[in-house]
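**Student:** Have a peek at my_file_9.pdb (PDB, C-alpha atoms).
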MODEL        1
ATOM      1  CA  GLY Z   1      40.718  -6.828 -43.360
ATOM      2  CA  SER Z   2      39.048  -9.932 -41.938
ATOM      3  CA  SER Z   3      41.342 -10.017 -38.879
ATOM      4  CA  ALA Z   4      40.600  -6.360 -38.107
ATOM      5  CA  HIS Z   5      36.888  -7.073 -38.513
ATOM      6  CA  ALA Z   6      37.118 -10.039 -36.124
ATOM      7  CA  LEU Z   7      39.076  -7.957 -33.607
ATOM      8  CA  ALA Z   8      36.479  -5.193 -33.718
ATOM      9  CA  ALA Z   9      33.720  -7.756 -33.187
ATOM     10  CA  ALA Z  10      35.546  -9.226 -30.186
ATOM     11  CA  VAL Z  11      35.991  -5.786 -28.651
ATOM     12  CA  MET Z  12      32.458  -4.582 -29.319
ATOM     13  CA  GLY Z  13      30.777  -7.892 -28.506
ATOM     14  CA  LYS Z  14      27.644  -9.333 -30.038
ATOM     15  CA  HIS Z  15      24.180  -7.935 -29.621
ATOM     16  CA  SER Z  16      22.491 -10.052 -26.976
ATOM     17  CA  LYS Z  17      19.050  -9.988 -28.598
ATOM     18  CA  ASN Z  18      20.025 -10.449 -32.211
ATOM     19  CA  ASN Z  19      23.492 -12.000 -32.470
ATOM     20  CA  ASN Z  20      25.563 -10.336 -35.150
ATOM     21  CA  GLU Z  21      28.906  -8.650 -35.561
ATOM     22  CA  ARG Z  22      27.630  -5.178 -36.372
ATOM     23  CA  ALA Z  23      28.842  -2.405 -34.097
ATOM     24  CA  PHE Z  24      25.582  -0.502 -34.527
ATOM     25  CA  PHE Z  25      21.858  -1.122 -34.093
ATOM     26  CA  SER Z  26      19.835  -1.637 -37.218
ATOM     27  CA  HIS Z  27      16.446  -0.081 -37.747
ATOM     28  CA  ALA Z  28      14.761  -3.413 -36.971
ATOM     29  CA  GLU Z  29      16.661  -3.704 -33.687
ATOM     30  CA  ARG Z  30      15.749  -0.183 -32.675
ATOM     31  CA  GLN Z  31      12.079  -0.818 -33.391
ATOM     32  CA  ALA Z  32      12.155  -4.124 -31.491
ATOM     33  CA  ALA Z  33      13.802  -2.445 -28.490
ATOM     34  CA  LYS Z  34      11.255   0.371 -28.585
ATOM     35  CA  TYR Z  35       8.319  -2.005 -28.026
ATOM     36  CA  GLY Z  36       8.731  -4.019 -24.868
ATOM     37  CA  ARG Z  37       7.484  -7.555 -25.411
ATOM     38  CA  HIS Z  38       9.360 -10.826 -25.085
ATOM     39  CA  SER Z  39      10.039 -12.570 -28.388
ATOM     40  CA  SER Z  40      12.855 -13.930 -30.492
ATOM     41  CA  GLY Z  41      12.206 -11.075 -32.882
ATOM     42  CA  LEU Z  42      11.466 -13.479 -35.721
ATOM     43  CA  LEU Z  43       8.754 -15.846 -34.479
ATOM     44  CA  GLY Z  44       5.586 -14.612 -36.040
ATOM     45  CA  GLY Z  45       7.868 -11.841 -36.876
ATOM     46  CA  HIS Z  46       7.934  -8.323 -38.110
ATOM     47  CA  ASN Z  47       9.434  -9.597 -41.365
ATOM     48  CA  THR Z  48       6.205 -11.438 -42.201
ATOM     49  CA  ALA Z  49       3.110  -9.918 -43.725
ATOM     50  CA  GLY Z  50       1.031 -10.033 -40.549
ATOM     51  CA  GLY Z  51       3.859  -9.331 -38.112
ATOM     52  CA  ASN Z  52       4.371  -6.164 -36.112
ATOM     53  CA  PHE Z  53       6.846  -4.877 -33.560
ATOM     54  CA  VAL Z  54       4.195  -4.471 -30.856
ATOM     55  CA  ASP Z  55       3.805  -8.254 -30.687
ATOM     56  CA  THR Z  56       7.370  -9.289 -31.446
ATOM     57  CA  GLY Z  57       9.525  -6.643 -29.770
ATOM     58  CA  TRP Z  58      11.988  -7.333 -26.964
ATOM     59  CA  GLY Z  59      11.537  -6.959 -23.256
ATOM     60  CA  SER Z  60       8.497  -7.597 -21.084
ATOM     61  CA  HIS Z  61       5.457  -5.676 -19.924
ATOM     62  CA  LYS Z  62       5.165  -7.792 -16.790
ATOM     63  CA  ARG Z  63       7.737  -8.730 -14.233
ATOM     64  CA  THR Z  64       8.620 -12.386 -13.763
ATOM     65  CA  LEU Z  65       9.092 -13.402 -10.133
ATOM     66  CA  ASP Z  66      10.710 -16.568  -8.853
ATOM     67  CA  SER Z  67       9.311 -18.769  -6.105
ATOM     68  CA  ASP Z  68      11.331 -16.967  -3.416
ATOM     69  CA  ALA Z  69       9.278 -13.835  -4.079
ATOM     70  CA  MET Z  70       5.985 -15.687  -3.562
ATOM     71  CA  LYS Z  71       4.262 -15.889  -0.186
ATOM     72  CA  ASP Z  72       3.533 -19.432   0.952
ATOM     73  CA  LEU Z  73      -0.092 -20.521   0.899
ATOM     74  CA  ASP Z  74      -0.108 -21.029   4.683
ATOM     75  CA  ALA Z  75       2.076 -18.007   5.507
ATOM     76  CA  CYS Z  76       0.857 -15.055   7.544
ATOM     77  CA  SER Z  77       0.295 -11.991   5.365
ATOM     78  CA  LEU Z  78       1.997  -9.786   7.969
ATOM     79  CA  THR Z  79       5.011 -11.831   9.084
ATOM     80  CA  LEU Z  80       5.363 -13.862   5.833
ATOM     81  CA  VAL Z  81       6.227 -16.985   7.839
ATOM     82  CA  PRO Z  82       4.102 -20.162   8.140
ATOM     83  CA  CYS Z  83       1.211 -19.718  10.547
ATOM     84  CA  VAL Z  84       1.159 -21.613  13.847
ATOM     85  CA  ASP Z  85      -2.512 -20.820  14.495
ATOM     86  CA  PRO Z  86      -3.910 -19.636  11.143
ATOM     87  CA  VAL Z  87      -7.091 -17.606  10.707
ATOM     88  CA  ILE Z  88      -8.690 -16.264   7.543
ATOM     89  CA  THR Z  89     -10.752 -13.174   6.695
ATOM     90  CA  PRO Z  90     -13.855 -13.192   4.462
ATOM     91  CA  LYS Z  91     -11.592 -11.937   1.637
ATOM     92  CA  GLY Z  92      -9.300 -14.953   1.892
ATOM     93  CA  VAL Z  93      -6.347 -13.265   3.607
ATOM     94  CA  VAL Z  94      -4.494 -15.614   5.960
ATOM     95  CA  TYR Z  95      -3.013 -14.365   9.250
ATOM     96  CA  ASP Z  96      -1.451 -15.907  12.297
ATOM     97  CA  LYS Z  97      -3.958 -15.497  15.117
ATOM     98  CA  GLN Z  98      -1.521 -14.027  17.641
ATOM     99  CA  VAL Z  99      -0.073 -11.615  15.081
ATOM    100  CA  ILE Z 100      -3.380 -10.260  13.805
ATOM    101  CA  TYR Z 101      -4.802  -9.930  17.329
ATOM    102  CA  GLN Z 102      -1.772  -7.881  18.346
ATOM    103  CA  TYR Z 103      -2.160  -5.787  15.197
ATOM    104  CA  ILE Z 104      -5.803  -5.052  16.046
ATOM    105  CA  LEU Z 105      -4.911  -4.010  19.614
ATOM    106  CA  ASP Z 106      -2.055  -1.781  18.426
ATOM    107  CA  ARG Z 107      -4.223  -0.235  15.723
ATOM    108  CA  LYS Z 108      -7.001   0.553  18.204
ATOM    109  CA  ALA Z 109      -4.503   2.251  20.528
ATOM    110  CA  GLU Z 110      -3.130   4.243  17.589
ATOM    111  CA  ILE Z 111      -6.644   5.306  16.571
ATOM    112  CA  GLU Z 112      -7.286   6.528  20.125
ATOM    113  CA  ARG Z 113      -4.096   8.621  20.066
ATOM    114  CA  GLU Z 114      -4.983  10.076  16.667
ATOM    115  CA  LEU Z 115      -8.517  10.856  17.852
ATOM    116  CA  ARG Z 116      -7.231  12.653  20.962
ATOM    117  CA  ALA Z 117      -4.857  14.743  18.867
ATOM    118  CA  TRP Z 118      -7.608  15.605  16.389
ATOM    119  CA  THR Z 119     -10.008  16.520  19.241
ATOM    120  CA  ALA Z 120      -7.374  18.798  20.785
ATOM    121  CA  GLN Z 121      -6.858  20.460  17.413
ATOM    122  CA  GLN Z 122     -10.598  21.037  17.015
ATOM    123  CA  GLU Z 123     -10.809  22.535  20.515
ATOM    124  CA  ALA Z 124      -7.836  24.817  19.825
ATOM    125  CA  GLU Z 125      -9.398  25.992  16.561
ATOM    126  CA  ALA Z 126     -12.705  26.675  18.326
ATOM    127  CA  ALA Z 127     -10.925  28.607  21.105
ATOM    128  CA  GLY Z 128      -8.956  30.602  18.532
ATOM    129  CA  ALA Z 129     -12.094  31.440  16.604
ATOM    130  CA  ALA Z 130     -13.866  32.516  19.810
ATOM    131  CA  SER Z 131     -10.876  34.695  20.808
ATOM    132  CA  GLU Z 132     -10.776  36.286  17.374
ATOM    133  CA  ALA Z 133     -14.509  36.964  17.513
ATOM    134  CA  ALA Z 134     -14.156  38.539  20.970
ATOM    135  CA  ARG Z 135     -11.243  40.712  19.800
ATOM    136  CA  ALA Z 136     -13.245  41.867  16.781
ATOM    137  CA  ALA Z 137     -16.218  42.684  19.031
ATOM    138  CA  ASP Z 138     -13.990  44.723  21.376
ATOM    139  CA  GLN Z 139     -12.516  46.575  18.421
ATOM    140  CA  ARG Z 140     -15.980  47.458  17.141
ATOM    141  CA  VAL Z 141     -16.918  48.774  20.599
ATOM    142  CA  GLU Z 142     -13.767  50.898  20.755
ATOM    143  CA  GLU Z 143     -14.428  52.325  17.302
ATOM    144  CA  PHE Z 144     -18.023  53.135  18.286
ATOM    145  CA  VAL Z 145     -16.893  54.904  21.464
ATOM    146  CA  ALA Z 146     -14.227  56.774  19.495
ATOM    147  CA  ARG Z 147     -16.790  58.019  16.991
ATOM    148  CA  GLN Z 148     -19.004  59.174  19.832
ATOM    149  CA  GLU Z 149     -16.109  61.067  21.389
ATOM    150  CA  GLY Z 150     -15.005  62.484  18.041
ATOM    151  CA  LEU Z 151     -11.578  60.847  18.088
ATOM    152  CA  SER Z 152      -9.578  60.212  14.934
ATOM    153  CA  LYS Z 153      -8.070  56.863  13.957
ATOM    154  CA  SER Z 154      -4.608  57.994  15.044
ATOM    155  CA  ASP Z 155      -5.936  58.985  18.475
ATOM    156  CA  LEU Z 156      -7.647  55.627  18.765
ATOM    157  CA  ALA Z 157      -4.454  53.800  17.754
ATOM    158  CA  SER Z 158      -2.466  55.681  20.404
ATOM    159  CA  ARG Z 159      -4.910  54.496  23.079
ATOM    160  CA  ARG Z 160      -4.414  50.811  22.228
ATOM    161  CA  PRO Z 161      -1.476  48.940  23.813
ATOM    162  CA  SER Z 162       1.450  48.419  21.466
ATOM    163  CA  ASP Z 163       1.675  44.961  19.921
ATOM    164  CA  PRO Z 164       5.091  44.185  18.388
ATOM    165  CA  SER Z 165       3.609  41.560  16.117
ATOM    166  CA  SER Z 166       1.123  43.986  14.594
ATOM    167  CA  SER Z 167       3.199  47.186  14.592
ATOM    168  CA  GLY Z 168       4.743  46.433  11.265
ATOM    169  CA  GLY Z 169       8.298  46.538  12.664
ATOM    170  CA  ALA Z 170      10.910  43.920  13.371
ATOM    171  CA  VAL Z 171      13.659  43.724  15.979
ATOM    172  CA  GLY Z 172      16.339  41.040  15.808
ATOM    173  CA  ALA Z 173      18.457  40.453  18.905
ATOM    174  CA  LEU Z 174      21.041  37.941  20.044
ATOM    175  CA  MET Z 175      22.290  37.605  23.631
ATOM    176  CA  GLY Z 176      20.854  40.975  24.551
ATOM    177  CA  ARG Z 177      22.398  42.779  21.555
ATOM    178  CA  THR Z 178      20.165  44.339  18.923
ATOM    179  CA  LEU Z 179      21.247  43.183  15.494
ATOM    180  CA  VAL Z 180      18.573  44.784  13.357
ATOM    181  CA  GLU Z 181      15.679  47.126  13.997
ATOM    182  CA  ASP Z 182      13.258  47.669  11.162
ATOM    183  CA  THR Z 183      10.241  49.870  11.855
ATOM    184  CA  GLY Z 184       8.994  50.130   8.287
ATOM    185  CA  LYS Z 185       5.659  48.785   7.196
ATOM    186  CA  HIS Z 186       7.415  46.349   4.839
ATOM    187  CA  ALA Z 187       9.494  44.801   7.622
ATOM    188  CA  ALA Z 188       7.718  41.490   7.167
ATOM    189  CA  ASP Z 189       9.140  41.302   3.635
ATOM    190  CA  THR Z 190      12.611  42.693   4.218
ATOM    191  CA  SER Z 191      13.293  41.083   7.611
ATOM    192  CA  PHE Z 192      11.401  37.809   7.294
ATOM    193  CA  TRP Z 193      14.191  35.923   9.070
ATOM    194  CA  VAL Z 194      13.464  37.639  12.389
ATOM    195  CA  PRO Z 195      11.821  35.042  14.684
ATOM    196  CA  GLN Z 196       8.692  37.126  15.287
ATOM    197  CA  LEU Z 197       8.121  37.416  11.519
ATOM    198  CA  THR Z 198       8.965  33.846  10.595
ATOM    199  CA  PRO Z 199       5.954  32.302   8.824
ATOM    200  CA  GLN Z 200       4.355  29.470  10.717
ATOM    201  CA  SER Z 201       2.860  26.539   8.874
ATOM    202  CA  LYS Z 202      -0.067  24.853  10.521
ATOM    203  CA  SER Z 203      -0.136  21.084  10.247
ATOM    204  CA  LEU Z 204      -3.802  20.226  10.233
ATOM    205  CA  LEU Z 205      -4.827  16.715  11.153
ATOM    206  CA  ASP Z 206      -7.584  14.904   9.322
ATOM    207  CA  LYS Z 207     -10.250  13.143  11.308
ATOM    208  CA  PRO Z 208      -8.934   9.610  11.886
ATOM    209  CA  ASP Z 209     -10.776   6.593  10.629
ATOM    210  CA  GLY Z 210     -12.146   4.854  13.698
ATOM    211  CA  VAL Z 211     -12.383   1.471  11.952
ATOM    212  CA  VAL Z 212      -9.621  -1.114  12.179
ATOM    213  CA  ARG Z 213      -8.949  -2.223   8.604
ATOM    214  CA  CYS Z 214      -7.220  -5.185   7.045
ATOM    215  CA  PRO Z 215      -3.664  -4.144   6.087
ATOM    216  CA  ILE Z 216      -3.910  -6.124   2.837
ATOM    217  CA  THR Z 217      -7.394  -5.377   1.475
ATOM    218  CA  ASN Z 218      -8.230  -2.221   3.504
ATOM    219  CA  GLU Z 219     -11.585  -3.774   4.382
ATOM    220  CA  PRO Z 220     -13.011  -3.462   7.933
ATOM    221  CA  LEU Z 221     -11.419  -6.100  10.170
ATOM    222  CA  LYS Z 222     -13.507  -7.646  12.950
ATOM    223  CA  LEU Z 223     -12.583 -10.364  15.425
ATOM    224  CA  LYS Z 224     -15.783 -12.308  14.802
ATOM    225  CA  GLN Z 225     -14.912 -12.517  11.099
ATOM    226  CA  LEU Z 226     -11.533 -14.175  11.684
ATOM    227  CA  TYR Z 227     -12.262 -17.853  11.070
ATOM    228  CA  PRO Z 228      -9.797 -20.559  12.229
ATOM    229  CA  LEU Z 229      -8.233 -22.652   9.470
ATOM    230  CA  SER Z 230      -7.809 -26.422   9.674
ATOM    231  CA  PHE Z 231      -5.106 -27.694   7.321
ATOM    232  CA  THR Z 232      -4.662 -31.423   6.708
ATOM    233  CA  ARG Z 233      -1.043 -32.375   7.351
ATOM    234  CA  ALA Z 234       0.767 -34.408   4.736
ATOM    235  CA  ASP Z 235       2.263 -36.521   7.554
ATOM    236  CA  GLU Z 236      -0.024 -36.816  10.579
ATOM    237  CA  SER Z 237       2.778 -38.313  12.679
ATOM    238  CA  LEU Z 238       4.740 -35.054  12.661
ATOM    239  CA  THR Z 239       4.298 -32.323  15.235
ATOM    240  CA  CYS Z 240       3.276 -28.785  14.317
ATOM    241  CA  ALA Z 241       6.866 -27.526  14.517
ATOM    242  CA  GLU Z 242       8.141 -30.379  12.363
ATOM    243  CA  THR Z 243       5.421 -29.764   9.782
ATOM    244  CA  LEU Z 244       6.258 -26.054   9.546
ATOM    245  CA  ALA Z 245       9.927 -26.923   9.046
ATOM    246  CA  LYS Z 246       9.173 -28.915   5.891
ATOM    247  CA  PRO Z 247       9.253 -27.348   2.387
ATOM    248  CA  ARG Z 248       6.222 -25.350   1.319
ATOM    249  CA  ASN Z 249       4.840 -28.050  -0.989
ATOM    250  CA  GLU Z 250       5.178 -30.832   1.589
ATOM    251  CA  ARG Z 251       3.305 -29.443   4.568
ATOM    252  CA  TYR Z 252      -0.385 -29.811   3.816
ATOM    253  CA  ILE Z 253      -2.571 -31.763   1.424
ATOM    254  CA  CYS Z 254      -6.157 -31.667   0.259
ATOM    255  CA  PRO Z 255      -8.165 -34.170   2.353
ATOM    256  CA  LEU Z 256     -10.179 -35.186  -0.727
ATOM    257  CA  SER Z 257      -7.613 -35.485  -3.515
ATOM    258  CA  LYS Z 258      -4.575 -36.082  -1.245
ATOM    259  CA  LYS Z 259      -2.579 -33.679  -3.425
ATOM    260  CA  ALA Z 260      -0.239 -31.096  -1.941
ATOM    261  CA  LEU Z 261      -1.626 -27.589  -1.503
ATOM    262  CA  SER Z 262       0.464 -24.758  -2.911
ATOM    263  CA  ASN Z 263       0.241 -21.622  -5.002
ATOM    264  CA  THR Z 264       0.038 -23.799  -8.104
ATOM    265  CA  ASN Z 265      -2.700 -25.939  -6.518
ATOM    266  CA  PRO Z 266      -4.694 -23.241  -4.689
ATOM    267  CA  ALA Z 267      -7.024 -23.965  -1.811
ATOM    268  CA  ALA Z 268     -10.409 -22.847  -0.515
ATOM    269  CA  PHE Z 269     -11.828 -22.637   3.006
ATOM    270  CA  LEU Z 270     -15.142 -24.233   4.021
ATOM    271  CA  ARG Z 271     -16.526 -22.048   6.783
ATOM    272  CA  PRO Z 272     -18.822 -24.556   8.607
ATOM    273  CA  SER Z 273     -16.036 -27.076   9.301
ATOM    274  CA  GLY Z 274     -12.999 -24.832   8.862
ATOM    275  CA  THR Z 275     -11.429 -27.393   6.503
ATOM    276  CA  VAL Z 276      -9.096 -26.354   3.707
ATOM    277  CA  VAL Z 277      -9.515 -28.225   0.416
ATOM    278  CA  SER Z 278      -8.207 -27.634  -3.083
ATOM    279  CA  VAL Z 279     -10.110 -25.366  -5.440
ATOM    280  CA  SER Z 280     -10.295 -28.155  -8.013
ATOM    281  CA  CYS Z 281     -12.127 -30.379  -5.514
ATOM    282  CA  VAL Z 282     -14.468 -27.523  -4.657
ATOM    283  CA  ASP Z 283     -15.397 -27.141  -8.310
ATOM    284  CA  SER Z 284     -15.669 -30.864  -9.065
ATOM    285  CA  ILE Z 285     -17.094 -32.239  -5.799
ATOM    286  CA  ILE Z 286     -18.253 -29.666  -3.240
ATOM    287  CA  LYS Z 287     -20.274 -27.414  -5.548
ATOM    288  CA  LYS Z 288     -22.249 -30.328  -6.988
ATOM    289  CA  ASP Z 289     -24.244 -30.815  -3.791
ATOM    290  CA  MET Z 290     -23.240 -27.612  -1.952
ATOM    291  CA  VAL Z 291     -22.708 -29.440   1.339
ATOM    292  CA  ASP Z 292     -19.743 -29.535   3.701
ATOM    293  CA  PRO Z 293     -18.792 -33.232   3.975
ATOM    294  CA  PHE Z 294     -16.524 -32.636   6.970
ATOM    295  CA  THR Z 295     -19.335 -31.811   9.408
ATOM    296  CA  ASP Z 296     -21.598 -34.336  11.125
ATOM    297  CA  PRO Z 297     -24.230 -34.201   9.754
ATOM    298  CA  PRO Z 298     -23.151 -32.519   6.460
ATOM    299  CA  THR Z 299     -23.994 -28.809   6.432
ATOM    300  CA  ARG Z 300     -25.590 -26.985   3.549
ATOM    301  CA  LEU Z 301     -23.253 -24.425   2.045
ATOM    302  CA  LYS Z 302     -23.819 -20.974   0.626
ATOM    303  CA  GLU Z 303     -21.515 -19.205  -1.782
ATOM    304  CA  LYS Z 304     -20.175 -16.998   1.013
ATOM    305  CA  ASP Z 305     -19.226 -20.127   3.004
ATOM    306  CA  ILE Z 306     -16.593 -21.040   0.383
ATOM    307  CA  ILE Z 307     -13.657 -18.648   0.686
ATOM    308  CA  PRO Z 308     -10.700 -19.084  -1.707
ATOM    309  CA  LEU Z 309      -7.347 -18.515  -0.030
ATOM    310  CA  ARG Z 310      -5.504 -15.538  -1.415
ATOM    311  CA  VAL Z 311      -2.634 -16.801  -3.572
ATOM    312  CA  GLU Z 312       0.435 -15.071  -4.930
ATOM    313  CA  GLY Z 313       0.440 -16.802  -8.309
ATOM    314  CA  THR Z 314       3.008 -18.992 -10.016
ATOM    315  CA  GLY Z 315       5.693 -16.384 -10.655
ATOM    316  CA  PHE Z 316       3.981 -14.258 -13.301
ATOM    317  CA  ALA Z 317       2.080 -11.071 -12.541
ATOM    318  CA  ALA Z 318      -0.733 -12.166 -14.878
ATOM    319  CA  LYS Z 319      -1.374 -15.218 -12.651
ATOM    320  CA  THR Z 320      -1.695 -13.401  -9.353
ATOM    321  CA  ASP Z 321      -4.135 -11.118  -7.576
ATOM    322  CA  GLU Z 322      -1.347  -8.657  -6.825
ATOM    323  CA  LYS Z 323      -1.919  -5.992  -9.482
ATOM    324  CA  ALA Z 324       1.061  -4.019  -8.174
ATOM    325  CA  LEU Z 325       3.390  -6.592  -9.691
ATOM    326  CA  LYS Z 326       2.650  -5.261 -13.166
ATOM    327  CA  VAL Z 327       5.341  -3.021 -14.587
ATOM    328  CA  THR Z 328       4.464  -0.248 -16.982
ATOM    329  CA  LYS Z 329       6.462  -0.024 -20.196
ATOM    330  CA  THR Z 330       9.096   2.662 -20.458
ATOM    331  CA  ASP Z 331      10.806   3.593 -23.691
ATOM    332  CA  VAL Z 332      14.469   2.772 -24.014
ATOM    333  CA  MET Z 333      16.654   5.861 -23.956
ATOM    334  CA  GLY Z 334      17.920   6.794 -27.393
ATOM    335  CA  PHE Z 335      15.279   4.895 -29.393
TER     336      PHE Z 335
ENDMDL
END
Would it be possible to restate this file's structure as structure tokens?

**Tutor:**
Amino acid sequence: GSSAHALAAAVMGKHSKNNNERAFFSHAERQAAKYGRHSSGLLGGHNTAGGNFVDTGWGSHKRTLDSDAMKDLDACSLTLVPCVDPVITPKGVVYDKQVIYQYILDRKAEIERELRAWTAQQEAEAAGAASEAARAADQRVEEFVARQEGLSKSDLASRRPSDPSSSGGAVGALMGRTLVEDTGKHAADTSFWVPQLTPQSKSLLDKPDGVVRCPITNEPLKLKQLYPLSFTRADESLTCAETLAKPRNERYICPLSKKALSNTNPAAFLRPSGTVVSVSCVDSIIKKDMVDPFTDPPTRLKEKDIIPLRVEGTGFAAKTDEKALKVTKTDVMGF
């Protein structure tokens, strides 16, 4: 009996969340799998008086990302590579100057094309409306003349030139051969596949937004609001290319604390001097006097002159500004 039990356990395997030899899920395991939160299942646990499965279930509500999924602090938000000539927006988004300038030029050209297409559509709609109004006016004149002459509707219809699209019939032909000829008034329903009766869908264009917007924040993007960044290199003897080739945490440092700048040690931009310092130094040093110590003479600062660089967090969605990293909970199938 014991050998058969051991063999069955080896074949079935152990439950990864709650190691045991049972070949089925217990009620506690089903409840823990139903609520998606990371826990050992016993710490604080549902077996205690104050425990509940919502706090001690398995799984995770938020996705954990490793460092490879995080954008570098000095990386361009479009190319995701370290910036050669970095600039920053008022919202703290970092771009490479050449890349964002090219984006603005391309976006302006695209807006012009969209505006021309929308203008042509508006002109076509106006011409169609004017043609329809003129046709209706002519029809009213014909009906008035017909009433004056005492003509019936059939006599008036015989006077008008025949229009295949409005006659109610349908004729399908291929290479000069007539395949189908439907003259009934329901031809549009029974012979809808005939080209002249094929429904046409109009693709209407919305009026394009004439403002170039930031691809990250969707805020208006202006050239005069792209401020150049001045990072302090960890090794001043290295060239720009050599600095960019170093690991992310060894490129730049805070000029005040001399600590490396990274996603775990976020930075802020001082607009008067363009210097990048750590947020901790801004809170402990800069905001005491609200002056920029890197200008000569020191410049008084306003709150809008201190722009925190947009960071991607430390690997957890709760520590980042990217709300899209959060994953909604889905129930496990069968529980």

**Student:** List, as a ChimeraX atom specification, every residue that the PyMOL selection byres ((chain Z and resi 240) around 12) selects in the file provided.

**Tutor:** /Z:82-85,231-239,241-246,251-252

**Student:** Figure out the distance between atom CA of Z:Gln98 and atom CA of Z:Cys76, please, to one decimal in Å.

**Tutor:**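 Taking atom CA of Z:Cys76 as the start and atom CA of Z:Gln98 as the end point, the length is 10.4 Å.
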
**Student:** Would you compute the distance between atom CA of Z:Gly210 and atom CA of Z:Glu112? Give it in Å to one decimal.

**Tutor:**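 Distance reported for this atom pair: 8.2 Å.
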
**Student:** Evaluate the PyMOL selection byres ((chain Z and resi 107) around 12) against this structure - the residues, as a ChimeraX atom specification, please.

**Tutor:** /Z:100-106,108-114,208-215,221

**Student:** Could you name the residues that touch Z:Tyr227 at 9 Å or less, counting all atoms listed in the file, but leaving out those on the same chain fewer than 3 positions away, as JSON, numbers by chain?

**Tutor:** {"Z": [86, 87, 88, 89, 90, 223, 224, 271, 274]}
